[in-house]
$ cat input.cif   # mmCIF, C-alpha atoms
data_run
loop_
_atom_site.group_PDB
_atom_site.id
_atom_site.type_symbol
_atom_site.label_atom_id
_atom_site.label_comp_id
_atom_site.auth_asym_id
_atom_site.auth_seq_id
_atom_site.Cartn_x
_atom_site.Cartn_y
_atom_site.Cartn_z
ATOM 1 C CA THR A 742 0.000 0.000 0.000
ATOM 2 C CA TYR A 743 0.966 3.613 -0.514
ATOM 3 C CA THR A 744 -0.776 6.584 1.117
ATOM 4 C CA PHE A 745 -0.855 10.178 -0.124
ATOM 5 C CA GLU A 746 -2.695 13.374 0.775
ATOM 6 C CA GLY A 747 -5.157 14.617 -1.827
ATOM 7 C CA THR A 748 -7.476 17.572 -2.269
ATOM 8 C CA THR A 749 -10.978 17.895 -3.712
ATOM 9 C CA GLY A 750 -10.879 18.110 -7.508
ATOM 10 C CA GLN A 751 -7.198 17.155 -7.802
ATOM 11 C CA ALA A 752 -6.597 15.115 -10.983
ATOM 12 C CA VAL A 753 -4.368 12.140 -10.204
ATOM 13 C CA THR A 754 -2.956 9.328 -12.322
ATOM 14 C CA ILE A 755 -1.778 6.151 -10.613
ATOM 15 C CA THR A 756 0.154 3.548 -12.599
ATOM 16 C CA LEU A 757 1.230 0.056 -11.607
ATOM 17 C CA ASP A 758 3.558 -1.644 -14.095
ATOM 18 C CA SER A 759 5.321 -5.003 -13.855
ATOM 19 C CA GLU A 760 7.065 -7.436 -16.154
ATOM 20 C CA ASP A 761 6.901 -10.131 -13.431
ATOM 21 C CA PHE A 762 3.147 -10.334 -12.763
ATOM 22 C CA ASP A 763 -0.293 -9.077 -13.841
ATOM 23 C CA PRO A 764 -0.821 -5.977 -11.659
ATOM 24 C CA VAL A 765 -4.164 -4.866 -10.209
ATOM 25 C CA LEU A 766 -4.732 -1.437 -8.659
ATOM 26 C CA SER A 767 -7.319 -0.098 -6.269
ATOM 27 C CA LEU A 768 -7.698 3.286 -4.636
ATOM 28 C CA LEU A 769 -9.274 3.772 -1.225
ATOM 29 C CA GLY A 770 -10.680 7.160 -0.296
ATOM 30 C CA PRO A 771 -10.308 8.914 3.064
ATOM 31 C CA GLY A 772 -13.069 6.681 4.483
ATOM 32 C CA GLU A 773 -11.086 3.543 3.466
ATOM 33 C CA THR A 774 -13.786 2.687 0.889
ATOM 34 C CA GLU A 775 -12.666 1.676 -2.601
ATOM 35 C CA ILE A 776 -13.398 4.531 -4.999
ATOM 36 C CA ALA A 777 -11.570 3.225 -8.102
ATOM 37 C CA ALA A 778 -9.944 0.046 -9.392
ATOM 38 C CA ASN A 779 -8.254 -1.153 -12.564
ATOM 39 C CA ASP A 780 -6.839 -4.312 -14.112
ATOM 40 C CA ASP A 781 -5.431 -4.400 -17.671
ATOM 41 C CA PHE A 782 -5.370 -0.804 -18.873
ATOM 42 C CA GLY A 783 -5.234 0.259 -22.508
ATOM 43 C CA GLY A 784 -4.605 -3.125 -24.072
ATOM 44 C CA THR A 785 -1.841 -4.108 -21.639
ATOM 45 C CA LEU A 786 -1.715 -6.159 -18.453
ATOM 46 C CA ASN A 787 -0.519 -3.105 -16.507
ATOM 47 C CA SER A 788 -2.957 -1.048 -14.432
ATOM 48 C CA LYS A 789 -3.806 2.649 -14.368
ATOM 49 C CA ILE A 790 -6.332 4.771 -12.505
ATOM 50 C CA ILE A 791 -7.098 8.305 -13.684
ATOM 51 C CA ILE A 792 -9.347 10.115 -11.241
ATOM 52 C CA GLU A 793 -10.454 13.489 -9.982
ATOM 53 C CA LEU A 794 -10.341 13.162 -6.191
ATOM 54 C CA PRO A 795 -13.755 13.651 -4.554
ATOM 55 C CA GLU A 796 -12.600 15.100 -1.212
ATOM 56 C CA ASP A 797 -9.670 16.263 0.890
ATOM 57 C CA GLY A 798 -7.837 13.638 2.903
ATOM 58 C CA ALA A 799 -5.558 10.607 2.917
ATOM 59 C CA TYR A 800 -5.895 8.216 -0.035
ATOM 60 C CA THR A 801 -4.477 4.699 -0.059
ATOM 61 C CA VAL A 802 -3.237 2.952 -3.200
ATOM 62 C CA VAL A 803 -3.365 -0.846 -3.006
ATOM 63 C CA ALA A 804 -1.080 -2.699 -5.426
ATOM 64 C CA LYS A 805 -1.835 -6.393 -5.965
ATOM 65 C CA SER A 806 -1.100 -9.223 -8.327
ATOM 66 C CA PHE A 807 -4.017 -10.759 -10.220
ATOM 67 C CA SER A 808 -2.719 -14.287 -9.590
ATOM 68 C CA GLY A 809 -1.238 -13.613 -6.168
ATOM 69 C CA GLN A 810 2.376 -13.966 -7.286
ATOM 70 C CA GLY A 811 4.907 -11.276 -6.540
ATOM 71 C CA GLY A 812 7.809 -9.646 -8.275
ATOM 72 C CA ASP A 813 9.258 -6.305 -9.207
ATOM 73 C CA TYR A 814 6.905 -3.451 -10.017
ATOM 74 C CA ASP A 815 6.790 0.307 -10.506
ATOM 75 C CA LEU A 816 4.075 2.302 -8.732
ATOM 76 C CA VAL A 817 3.717 5.991 -9.625
ATOM 77 C CA VAL A 818 1.238 8.563 -8.290
ATOM 78 C CA ARG A 819 1.329 11.898 -10.125
ATOM 79 C CA SER A 820 -0.783 14.733 -11.489
ATOM 80 C CA SER A 821 -2.824 13.770 -14.553
ATOM 81 C CA THR A 822 -2.021 15.128 -18.000
ATOM 82 C CA GLU A 823 -4.616 16.810 -20.208
ATOM 83 C CA PHE A 824 -4.616 13.678 -22.405
ATOM 84 C CA GLU A 825 -5.309 11.434 -19.428
ATOM 85 C CA MET A 826 -8.251 13.549 -18.308
ATOM 86 C CA ALA A 827 -9.732 13.484 -21.835
ATOM 87 C CA TYR A 828 -9.146 9.731 -21.984
ATOM 88 C CA ALA A 829 -10.785 9.196 -18.586
ATOM 89 C CA GLU A 830 -13.821 11.196 -19.766
ATOM 90 C CA ALA A 831 -14.019 9.007 -22.885
ATOM 91 C CA GLU A 832 -13.859 5.846 -20.785
ATOM 92 C CA ALA A 833 -16.647 7.088 -18.501
ATOM 93 C CA LEU A 834 -18.841 7.939 -21.510
ATOM 94 C CA ALA A 835 -18.209 4.519 -23.057
ATOM 95 C CA LEU A 836 -19.095 2.831 -19.770
ATOM 96 C CA ALA A 837 -22.354 4.821 -19.726
ATOM 97 C CA GLU A 838 -22.986 3.635 -23.322
ATOM 98 C CA ASP A 839 -22.849 7.205 -24.649
ATOM 99 C CA TYR A 840 -20.851 5.967 -27.625
ATOM 100 C CA PRO A 841 -21.082 9.123 -29.798
ATOM 101 C CA GLY A 842 -19.814 11.167 -26.833
ATOM 102 C CA ALA A 843 -17.111 8.593 -26.147
ATOM 103 C CA ILE A 844 -15.963 8.614 -29.787
ATOM 104 C CA ASP A 845 -15.696 12.417 -29.660
ATOM 105 C CA ALA A 846 -13.779 12.283 -26.347
ATOM 106 C CA TYR A 847 -11.375 9.590 -27.621
ATOM 107 C CA THR A 848 -10.803 11.729 -30.719
ATOM 108 C CA ALA A 849 -10.063 14.743 -28.495
ATOM 109 C CA ALA A 850 -7.601 12.600 -26.499
ATOM 110 C CA ILE A 851 -5.912 11.463 -29.733
ATOM 111 C CA ASP A 852 -5.633 15.092 -30.837
ATOM 112 C CA LEU A 853 -3.836 15.854 -27.552
ATOM 113 C CA ASP A 854 -1.444 12.875 -27.830
ATOM 114 C CA PRO A 855 -1.569 10.778 -31.016
ATOM 115 C CA ASP A 856 1.023 8.318 -29.672
ATOM 116 C CA GLN A 857 -1.256 6.593 -27.139
ATOM 117 C CA SER A 858 -2.552 3.210 -28.353
ATOM 118 C CA SER A 859 -5.215 3.080 -25.631
ATOM 119 C CA ALA A 860 -7.191 5.954 -27.191
ATOM 120 C CA TYR A 861 -7.315 4.249 -30.604
ATOM 121 C CA LEU A 862 -8.453 1.000 -29.003
ATOM 122 C CA GLY A 863 -11.093 2.842 -26.984
ATOM 123 C CA ARG A 864 -12.417 4.657 -30.035
ATOM 124 C CA ALA A 865 -12.619 1.386 -31.989
ATOM 125 C CA GLN A 866 -14.508 -0.285 -29.138
ATOM 126 C CA ALA A 867 -16.869 2.707 -28.840
ATOM 127 C CA THR A 868 -17.528 2.529 -32.579
ATOM 128 C CA LEU A 869 -18.386 -1.155 -32.275
ATOM 129 C CA GLY A 870 -20.471 -0.439 -29.175
ATOM 130 C CA GLN A 871 -22.513 2.103 -31.114
ATOM 131 C CA VAL A 872 -23.099 -0.388 -33.952
ATOM 132 C CA TYR A 873 -24.246 -3.099 -31.529
ATOM 133 C CA LEU A 874 -26.437 -0.646 -29.614
ATOM 134 C CA GLU A 875 -28.125 0.524 -32.833
ATOM 135 C CA GLN A 876 -28.444 -2.857 -34.552
ATOM 136 C CA GLY A 877 -28.460 -5.394 -31.702
ATOM 137 C CA ASP A 878 -29.264 -8.915 -32.855
ATOM 138 C CA ALA A 879 -28.861 -7.925 -36.516
ATOM 139 C CA ILE A 880 -25.093 -8.188 -35.951
ATOM 140 C CA GLN A 881 -24.294 -11.897 -36.147
ATOM 141 C CA GLY A 882 -20.658 -11.503 -37.168
ATOM 142 C CA PRO A 883 -18.092 -9.026 -38.490
ATOM 143 C CA GLU A 884 -19.653 -9.167 -41.965
ATOM 144 C CA ASP A 885 -22.781 -7.488 -40.531
ATOM 145 C CA ILE A 886 -20.880 -4.415 -39.319
ATOM 146 C CA PRO A 887 -21.569 -1.477 -41.656
ATOM 147 C CA GLN A 888 -18.653 -0.755 -43.976
ATOM 148 C CA ALA A 889 -17.931 2.772 -42.658
ATOM 149 C CA ALA A 890 -17.793 1.516 -39.054
ATOM 150 C CA ARG A 891 -15.672 -1.494 -40.055
ATOM 151 C CA GLU A 892 -13.191 0.796 -41.884
ATOM 152 C CA SER A 893 -13.016 3.129 -38.886
ATOM 153 C CA VAL A 894 -12.302 0.224 -36.526
ATOM 154 C CA ILE A 895 -9.663 -1.188 -38.893
ATOM 155 C CA ALA A 896 -7.913 2.208 -39.081
ATOM 156 C CA ASP A 897 -7.878 2.537 -35.267
ATOM 157 C CA PHE A 898 -6.665 -1.051 -34.816
ATOM 158 C CA GLU A 899 -3.896 -0.458 -37.387
ATOM 159 C CA GLN A 900 -2.684 2.672 -35.602
ATOM 160 C CA ALA A 901 -2.779 0.934 -32.213
ATOM 161 C CA ALA A 902 -0.884 -2.072 -33.632
ATOM 162 C CA THR A 903 1.790 0.229 -35.079
ATOM 163 C CA LEU A 904 2.185 1.954 -31.704
ATOM 164 C CA PHE A 905 2.342 -1.390 -29.874
ATOM 165 C CA GLU A 906 5.069 -2.594 -32.259
ATOM 166 C CA ALA A 907 7.045 0.612 -31.771
ATOM 167 C CA SER A 908 6.953 0.090 -27.994
ATOM 168 C CA GLY A 909 8.028 -3.569 -28.278
ATOM 169 C CA SER A 910 4.604 -5.081 -27.501
ATOM 170 C CA THR A 911 4.619 -7.375 -30.521
ATOM 171 C CA ASP A 912 2.091 -9.848 -29.057
ATOM 172 C CA TRP A 913 -0.543 -7.090 -28.745
ATOM 173 C CA ALA A 914 0.256 -5.844 -32.247
ATOM 174 C CA GLU A 915 -0.039 -9.355 -33.666
ATOM 175 C CA SER A 916 -3.393 -9.891 -31.934
ATOM 176 C CA LEU A 917 -4.768 -6.652 -33.382
ATOM 177 C CA ARG A 918 -3.486 -7.503 -36.849
ATOM 178 C CA GLY A 919 -5.365 -10.817 -36.609
ATOM 179 C CA GLN A 920 -8.558 -8.922 -35.790
ATOM 180 C CA ILE A 921 -7.884 -6.544 -38.698
ATOM 181 C CA ASP A 922 -7.584 -9.536 -41.066
ATOM 182 C CA VAL A 923 -10.947 -10.900 -39.860
ATOM 183 C CA LEU A 924 -12.622 -7.509 -40.373
ATOM 184 C CA ARG A 925 -11.084 -7.110 -43.845
ATOM 185 C CA GLU A 926 -12.146 -10.605 -44.901
ATOM 186 C CA ALA A 927 -15.677 -9.894 -43.660
ATOM 187 C CA GLY A 928 -15.738 -6.712 -45.733
ATOM 188 C CA SER A 929 -14.568 -8.462 -48.883
ATOM 189 C CA SER A 930 -17.314 -11.086 -48.585
ATOM 190 C CA ASN A 931 -20.029 -8.393 -48.774
#

$ encode --input "input.cif" --output "structure tokens"
Amino acid sequence: TYTFEGTTGQAVTITLDSEDFDPVLSLLGPGETEIAANDDFGGTLNSKIIIELPEDGAYTVVAKSFSGQGGDYDLVVRSSTEFEMAYAEAEALALAEDYPGAIDAYTAAIDLDPDQSSAYLGRAQATLGQVYLEQGDAIQGPEDIPQAARESVIADFEQAATLFEASGSTDWAESLRGQIDVLREAGSSN
């Protein structure tokens, strides 16, 4: 655990990274109640919480391993960037199923920092979420996704895969490229 003093409205980013285990983060507020948690952020196994603190007081960060194993890790608590705040807004909108709002917020985050794979992945997922929300059971497979949405998702997946490769995360890039191939094949069969 790690404890820090926070103030109402303070924007904080907490990251937990490890090459030895799958990290899981939680944040306890001044009343020792969990106010945020994360496992597997932005297409990686690492964890990140981006939050605007709700009140003044002592906050406790709890760092855990998903499987219970230990190892080396890096835990950082710092002020949030403008990109992170835009990204957090996009995530909240996507969670609330406001997919058009989420797509706009992910786009704003990308405009602030185009080198973050998580925003491209989020925008692709929001695009797919909007399609499924609008068409529901009419979507039986990738071939049923409208062409414009499919092309948008492919473009976001391609950019995310390129960024993953550049950072050395070849497994994530390869997985996305497999999904791109499925979406392209579905589009060519229509």

$ atom_distance --input "input.cif" --atom1 "atom CA of Ser806 of chain A" --atom2 "atom CA of Thr742 of chain A"
12.5 Å

$ residues_near_point --input "input.cif" --point "(-7.2, 14.8, -11.6)" --cutoff "7 Å" --atoms "all atoms listed in the file" --output "list in words"
Gly750, Gln751, Ala752, Val753, Thr754, Ile791, Ile792, Glu793, Leu794, Ser820, Ser821 and Met826 of chain A

$ atom_distance --input "input.cif" --atom1 "atom CA of Leu862 of chain A" --atom2 "atom CA of Val894 of chain A"
8.5 Å

$ resolve_selection --input "input.cif" --expression "the PyMOL selection byres ((chain A and resi 899) around 10)" --output "list in words"
Ser858, Tyr861, Leu862, Ser893, Val894, Ile895, Ala896, Asp897, Phe898, Gln900, Ala901, Ala902, Thr903, Leu904, Phe905, Ala914, Leu917, Arg918, Gln920 and Ile921 of chain A

$ residues_around --input "input.cif" --residues "Arg864 of chain A" --least-positions-apart "6" --cutoff "10 Å" --atoms "only C-alpha atoms" --output "list in words"
Ala831, Glu832, Ala835, Tyr840, Pro841, Ala843, Ile844, Asp845, Ala846, Tyr847, Thr848, Ala850, Ile851, Gly870, Ser893, Val894, Asp897 and Phe898 of chain A

$ resolve_selection --input "input.cif" --expression "the PyMOL selection byres ((chain A and resi 798) around 8)" --output "list in words"
Glu746, Gly747, Thr748, Gly770, Pro771, Glu796, Asp797, Ala799 and Tyr800 of chain A

$ closest_residue --input "input.cif" --among "A:Asn787, A:Gln871, A:Thr911, A:Ser759" --to "Asp813 of chain A" --atoms "only C-alpha atoms"
A:Ser759

$ atom_distance --input "input.cif" --atom1 "atom CA of Lys805 of chain A" --atom2 "atom CA of Thr744 of chain A"
14.8 Å

$ closest_residue --input "input.cif" --among "A:Ile790, A:Ala865, A:Ala804, A:Ile776" --to "Asp763 of chain A" --atoms "all atoms listed in the file"
A:Ala804

$ closest_residue --input "input.cif" --among "A:Ala849, A:Leu836, A:Leu757, A:Ala879" --to "Gln866 of chain A" --atoms "all atoms listed in the file"
A:Leu836

$ resolve_selection --input "input.cif" --expression "the PyMOL selection byres ((chain A and resi 788) around 9)" --output "list in words"
Ile755, Thr756, Leu757, Asp758, Asp763, Pro764, Val765, Leu766, Ala778, Asn779, Asp780, Asp781, Phe782, Gly783, Thr785, Leu786, Asn787, Lys789 and Ile790 of chain A

$ closest_residue --input "input.cif" --among "A:Ile886, A:Val872, A:Ala829, A:Ala907" --to "Leu924 of chain A" --atoms "all atoms listed in the file"
A:Ile886
